[in-house]
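Please read the structure below before turning to the comments.
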Amino acid sequence: RRNELRPRLEDVYRSDPDAGIHSAVAWLLGSWDEIALVRAMDREPLFAGPVADRQWHVNSQGATMVVIDHPPTFLMGAPEDEPLRTKLDRQHLRKVDRRFAIASTEVTWEQFEKISDDQMCFPELDDIHADMSLPEDLVERTGYRLPTEGEWECACRAGTVTRRFFGDSDEFFDEYCWHIGNSRDYAWSAGQLKPNDYGLFDIYGNAWEWCLDRRGSLPTRPPGVPFIDVPKLIGTQPRILRGGSMNTRTEAIRSAQRDFIDALHNRKPQCWA
């Protein structure tokens with residue numbers, strides 16, 4: 001039966017413009033031990049670079065990028081009745097008024113090391129300090145930058161308004177997330193569990209995900225007035241962490257969950273994928 005389905009799945013993987021379907025096929029083929037086939041297709045020329053009306057492409061580092069241009073305005077944060085909600089994640093309208101791309105998996109060392117110095121979005125570690133500045137062409141560079149909180153939560157929610165992108169129940173956690181109950185205290189290779197509807201893997205659990213924004217409360221706005229999300233870097237103040245990790249309890253993992261860590265914390269290189 002798999003032999004019959006495989007050619008059809010290959011065709012969908014190559015041609016379907018929806019990033020959620022693209023990643024779902026990658027996950028299914030991977031679960032059939034066909035990851036080599038997926039990697040081979042990712043190297044095909046038709047996968048490279050942005051294509052009009054296609055929500056995904058493979059970049060020069062070999063990473064699949066998910067292109068997000070909707071919804072421009074969404075409900076960010078947690079409603080007052082959400083369990084474990086705090087005043088730091090109060091709900092508000094957030095507007096991400098730009099098209100952006102985000103990697104479908106957490107970035108691996110192999111991918112990171114392929115970025116040329118002139119395309120890096122951040123200084124070398126020794127040059128990171130309170131008065132540093134980012135390149136003026138930051139958003140045009142092919143190297144990675146951290147997502148803003150608004151970009152991260154927009155990508156995580158994938159159009160949903162529930163506590164998690166798969167709903168409010170805990171029963172589906174093991175299908176989407178490495179957490180304290182199933183990780184065995186390990187970080188796992190990227191992309192083994194199911195993606196969300198935007199095609200993003202491991203956006204909950206496995207490894208905390210840094211955001212560009214500094215620590216602080218989410219903004220307040222009058223009803224119907226959105227807060228405009230702007231990428232900016234301010235000194236070395238603590239940075240927001242999102243998504244939880246392999247050691248996070250399932251009840252604490254939410255799309256609106258926020259944590260933070262000092263921007264200069266543990267500068268020793270680490271790898272999660």
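Labels used: A, B, ... for chains in the order of the structure tokens, numbers from 1 for residues in each chain, and numbers from 1 for ligands as shown.
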
At a cut-off of 6 Å, can you tabulate as CSV every residue of region 166-209 of chain A near region 99-105 of chain A together with its closest atom pair and the distance in Å to one decimal, using only C-alpha atoms and ordering rows by chain then number?
residue,atom,partner,partner_atom,distance
A:Ala190,CA,A:Thr105,CA,5.9
A:Leu200,CA,A:Ser104,CA,4.4
A:Phe201,CA,A:Thr105,CA,5.2

Ile203 (chain A) environment, 10 Å, only C-alpha atoms, sequence neighbours closer than 5 positions dropped, as a ChimeraX atom specification: /A:104-106,152-153,155-157,165,176-178,191,195-196,208-209,242-245,255

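Atom pair CA of Gln237 (chain A) / CA of Leu88 (chain A) has a distance of 16.5 Å (rounded to one decimal).
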
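Residues with any atom within 12 Å of Gly216 (chain A), counting only C-alpha atoms and excluding same-chain neighbours fewer than 4 positions away, are A:Lys87, A:Leu88, A:Asp89, A:Arg90, A:Glu149, A:Gln237, A:Pro238, A:Arg239, A:Ile240, A:Leu241, A:Arg258, A:Asp259, A:Phe260, A:Ile261.
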
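The shortest atom-to-atom distance to His22 (chain A), with only C-alpha atoms taken into account, belongs to A:Val58 out of A:Leu93, A:Ala36, A:Ala52, A:Val58.
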
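Atom to atom, CA of Ile253 (chain A) and CA of Arg145 (chain A) stand 23.8 Å apart.
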
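In the backbone-derived DSSP annotation, strand (DSSP E or B) within region 26-209 of chain A comprises Ala48, Trp56, His57, Val58, Thr64, Met65, Val66, Val67, Ile68, Thr73, Phe74, Leu75, Met76, Ala78, Arg90, His92, Leu93, Arg94, Lys95, Phe100, Ala101, Ile102, Ala103, Arg164, Gly167, Trp178, Gly205 and Glu209 of chain A.
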
Tell me, as a ChimeraX atom specification, which residues lie within 9 Å of Gly143 (chain A), counting only C-alpha atoms; anything in the same chain fewer than 3 positions away does not count. /A:61,112,115-122,138,140

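CA of Lys194 (chain A) is found 10.4 Å from CA of Gly30 (chain A).
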
With only C-alpha atoms counted and 12 Å as the cut-off, give the residues of region 110-216 of chain A in contact with region 54-57 of chain A, each with its shortest interatomic distance in Å and the pair that gives it, as JSON lines.
{"residue": "A:Asp197", "atom": "CA", "partner": "A:Gln55", "partner_atom": "CA", "distance": 11.8}
{"residue": "A:Tyr198", "atom": "CA", "partner": "A:Gln55", "partner_atom": "CA", "distance": 8.8}
{"residue": "A:Gly199", "atom": "CA", "partner": "A:Trp56", "partner_atom": "CA", "distance": 8.9}
{"residue": "A:Leu200", "atom": "CA", "partner": "A:Trp56", "partner_atom": "CA", "distance": 10.9}

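Using only C-alpha atoms, the nearest neighbour of Arg6 (chain A) within the list A:Glu34, A:Asp18, A:Glu110, A:Asp126 is A:Glu34.
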
Residue list (helix (DSSP H, G or I), DSSP) for region 35-218 of chain A, as a VMD selection string: chain A and resid 35 to 42 45 to 47 87 to 89 109 to 112 117 to 119 125 to 127 138 to 140 149 to 157 173 to 176

Now that the selection is made, can you save its residues with N, CA and C atoms as a compact mmCIF listing (two decimals), in the first residue's frame?
# COMPACT_ATOMS: atom_id res chain seq x y z
N ILE A 35 13.17 9.47 5.13
CA ILE A 35 13.72 10.80 5.30
C ILE A 35 14.75 11.12 4.23
N ALA A 36 15.47 10.10 3.74
CA ALA A 36 16.45 10.33 2.67
C ALA A 36 15.75 10.82 1.40
N LEU A 37 14.57 10.29 1.13
CA LEU A 37 13.79 10.74 -0.02
C LEU A 37 13.39 12.20 0.14
N VAL A 38 12.96 12.58 1.33
CA VAL A 38 12.58 13.97 1.60
C VAL A 38 13.77 14.89 1.39
N ARG A 39 14.93 14.52 1.93
CA ARG A 39 16.13 15.35 1.79
C ARG A 39 16.54 15.47 0.32
N ALA A 40 16.41 14.38 -0.43
CA ALA A 40 16.76 14.42 -1.86
C ALA A 40 15.84 15.37 -2.61
N MET A 41 14.54 15.33 -2.32
CA MET A 41 13.61 16.26 -2.98
C MET A 41 13.90 17.69 -2.59
N ASP A 42 14.29 17.93 -1.32
CA ASP A 42 14.60 19.29 -0.88
C ASP A 42 15.75 19.90 -1.67
N PRO A 45 16.10 21.68 -7.77
CA PRO A 45 16.08 23.12 -8.09
C PRO A 45 14.73 23.79 -7.91
N LEU A 46 13.65 23.07 -8.18
CA LEU A 46 12.32 23.70 -8.10
C LEU A 46 11.95 24.09 -6.68
N PHE A 47 12.65 23.54 -5.68
CA PHE A 47 12.35 23.87 -4.29
C PHE A 47 13.00 25.18 -3.85
N LYS A 87 -0.58 38.34 34.29
CA LYS A 87 -0.77 39.70 33.76
C LYS A 87 0.24 40.02 32.66
N LEU A 88 1.30 39.22 32.57
CA LEU A 88 2.31 39.46 31.55
C LEU A 88 1.89 38.96 30.17
N ASP A 89 0.86 38.13 30.10
CA ASP A 89 0.43 37.64 28.77
C ASP A 89 -1.03 37.98 28.49
N TRP A 109 22.95 23.20 13.65
CA TRP A 109 24.30 23.74 13.48
C TRP A 109 24.73 23.63 12.02
N GLU A 110 24.40 22.54 11.36
CA GLU A 110 24.77 22.36 9.96
C GLU A 110 24.23 23.49 9.10
N GLN A 111 22.98 23.87 9.31
CA GLN A 111 22.38 24.96 8.55
C GLN A 111 23.02 26.30 8.92
N PHE A 112 23.22 26.52 10.21
CA PHE A 112 23.76 27.80 10.68
C PHE A 112 25.16 28.06 10.12
N ASP A 117 29.45 35.29 6.40
CA ASP A 117 29.58 36.36 7.38
C ASP A 117 28.82 37.62 6.96
N ASP A 118 28.81 37.93 5.66
CA ASP A 118 28.17 39.16 5.22
C ASP A 118 26.65 39.08 5.21
N GLN A 119 26.11 37.88 5.53
CA GLN A 119 24.66 37.72 5.60
C GLN A 119 24.18 37.48 7.03
N LEU A 125 29.77 36.94 18.87
CA LEU A 125 29.45 36.92 20.31
C LEU A 125 30.22 37.97 21.10
N ASP A 126 31.50 38.16 20.79
CA ASP A 126 32.31 39.11 21.55
C ASP A 126 31.89 40.55 21.31
N ASP A 127 31.12 40.80 20.26
CA ASP A 127 30.69 42.16 19.93
C ASP A 127 29.27 42.46 20.40
N LEU A 138 18.79 44.44 7.78
CA LEU A 138 18.53 43.21 8.54
C LEU A 138 17.48 42.33 7.89
N VAL A 139 16.34 42.89 7.53
CA VAL A 139 15.24 42.06 7.05
C VAL A 139 15.47 41.55 5.63
N GLU A 140 16.48 42.10 4.92
CA GLU A 140 16.77 41.63 3.57
C GLU A 140 17.86 40.55 3.55
N GLU A 149 8.11 38.59 19.04
CA GLU A 149 7.07 37.82 19.74
C GLU A 149 5.80 37.70 18.90
N GLY A 150 5.46 38.80 18.22
CA GLY A 150 4.26 38.77 17.40
C GLY A 150 4.38 37.77 16.26
N GLU A 151 5.54 37.75 15.60
CA GLU A 151 5.76 36.77 14.53
C GLU A 151 5.70 35.36 15.07
N TRP A 152 6.35 35.14 16.23
CA TRP A 152 6.38 33.79 16.80
C TRP A 152 4.97 33.31 17.13
N GLU A 153 4.20 34.13 17.83
CA GLU A 153 2.87 33.66 18.24
C GLU A 153 1.92 33.53 17.06
N CYS A 154 2.05 34.42 16.07
CA CYS A 154 1.26 34.29 14.85
C CYS A 154 1.57 32.95 14.18
N ALA A 155 2.86 32.61 14.07
CA ALA A 155 3.27 31.36 13.45
C ALA A 155 2.84 30.15 14.28
N CYS A 156 2.95 30.27 15.59
CA CYS A 156 2.57 29.17 16.49
C CYS A 156 1.08 28.89 16.44
N ARG A 157 0.28 29.91 16.54
CA ARG A 157 -1.17 29.73 16.59
C ARG A 157 -1.72 29.21 15.26
N PHE A 173 -0.65 15.86 23.08
CA PHE A 173 0.69 16.41 23.30
C PHE A 173 1.80 15.55 22.69
N ASP A 174 1.74 14.24 22.92
CA ASP A 174 2.83 13.39 22.46
C ASP A 174 2.95 13.33 20.94
N GLU A 175 1.91 13.75 20.24
CA GLU A 175 1.96 13.75 18.78
C GLU A 175 2.66 14.99 18.23
N TYR A 176 2.71 16.07 19.04
CA TYR A 176 3.22 17.34 18.55
C TYR A 176 4.41 17.89 19.33

Exercise: Ser183 (chain A) partners within 10 Å, only C-alpha atoms, chain neighbours under 3 positions left out, as a PDB file with N, CA and C atoms, in the first residue's frame:
ATOM      1  N   ASP A 174       1.738  14.239  22.917  1.00  0.00           N
ATOM      2  CA  ASP A 174       2.834  13.390  22.458  1.00  0.00           C
ATOM      3  C   ASP A 174       2.951  13.334  20.945  1.00  0.00           C
ATOM      4  N   CYS A 177       4.708  17.362  20.501  1.00  0.00           N
ATOM      5  CA  CYS A 177       5.582  18.084  21.428  1.00  0.00           C
ATOM      6  C   CYS A 177       6.454  17.147  22.256  1.00  0.00           C
ATOM      7  N   TRP A 178       7.764  17.447  22.327  1.00  0.00           N
ATOM      8  CA  TRP A 178       8.659  16.792  23.284  1.00  0.00           C
ATOM      9  C   TRP A 178       8.604  17.587  24.586  1.00  0.00           C
ATOM     10  N   HIS A 179       8.160  16.938  25.659  1.00  0.00           N
ATOM     11  CA  HIS A 179       7.960  17.614  26.943  1.00  0.00           C
ATOM     12  C   HIS A 179       8.510  16.729  28.046  1.00  0.00           C
ATOM     13  N   ILE A 180       8.329  17.145  29.286  1.00  0.00           N
ATOM     14  CA  ILE A 180       8.938  16.421  30.402  1.00  0.00           C
ATOM     15  C   ILE A 180       8.414  14.980  30.526  1.00  0.00           C
ATOM     16  N   TYR A 186      15.963  14.434  26.976  1.00  0.00           N
ATOM     17  CA  TYR A 186      16.784  14.659  25.791  1.00  0.00           C
ATOM     18  C   TYR A 186      16.109  15.672  24.871  1.00  0.00           C
ATOM     19  N   ALA A 187      16.931  16.416  24.124  1.00  0.00           N
ATOM     20  CA  ALA A 187      16.430  17.162  22.974  1.00  0.00           C
ATOM     21  C   ALA A 187      16.485  16.232  21.767  1.00  0.00           C
ATOM     22  N   TRP A 188      15.443  16.237  20.975  1.00  0.00           N
ATOM     23  CA  TRP A 188      15.320  15.293  19.869  1.00  0.00           C
ATOM     24  C   TRP A 188      15.558  15.974  18.531  1.00  0.00           C
ATOM     25  N   GLY A 205       7.785  22.751  23.027  1.00  0.00           N
ATOM     26  CA  GLY A 205       8.708  21.781  23.598  1.00  0.00           C
ATOM     27  C   GLY A 205      10.030  21.665  22.849  1.00  0.00           C
ATOM     28  N   ASN A 206      10.785  20.642  23.218  1.00  0.00           N
ATOM     29  CA  ASN A 206      12.104  20.308  22.669  1.00  0.00           C
ATOM     30  C   ASN A 206      13.150  21.345  23.074  1.00  0.00           C
ATOM     31  N   SER A 245      10.188  23.669  26.563  1.00  0.00           N
ATOM     32  CA  SER A 245      11.325  22.818  26.214  1.00  0.00           C
ATOM     33  C   SER A 245      11.022  21.367  26.538  1.00  0.00           C
ATOM     34  N   MET A 246      12.028  20.532  26.380  1.00  0.00           N
ATOM     35  CA  MET A 246      11.903  19.102  26.678  1.00  0.00           C
ATOM     36  C   MET A 246      11.628  18.862  28.161  1.00  0.00           C
ATOM     37  N   ASN A 247      11.896  19.869  29.012  1.00  0.00           N
ATOM     38  CA  ASN A 247      11.694  19.720  30.455  1.00  0.00           C
ATOM     39  C   ASN A 247      10.459  20.460  30.963  1.00  0.00           C
ATOM     40  N   THR A 248       9.620  20.942  30.065  1.00  0.00           N
ATOM     41  CA  THR A 248       8.442  21.705  30.477  1.00  0.00           C
ATOM     42  C   THR A 248       7.242  20.789  30.700  1.00  0.00           C
TER      43      THR A 248
END

From the options A:Leu75, A:Ser31, A:Gln91, A:Glu10, which residue's atoms come nearest to Thr220 (chain A), counting only C-alpha atoms? A:Gln91

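Nearest to Ala63 (chain A) of all the residues A:Gly49, A:Gly224, A:Gly20, A:Pro7 is A:Gly49, based on only C-alpha atoms.
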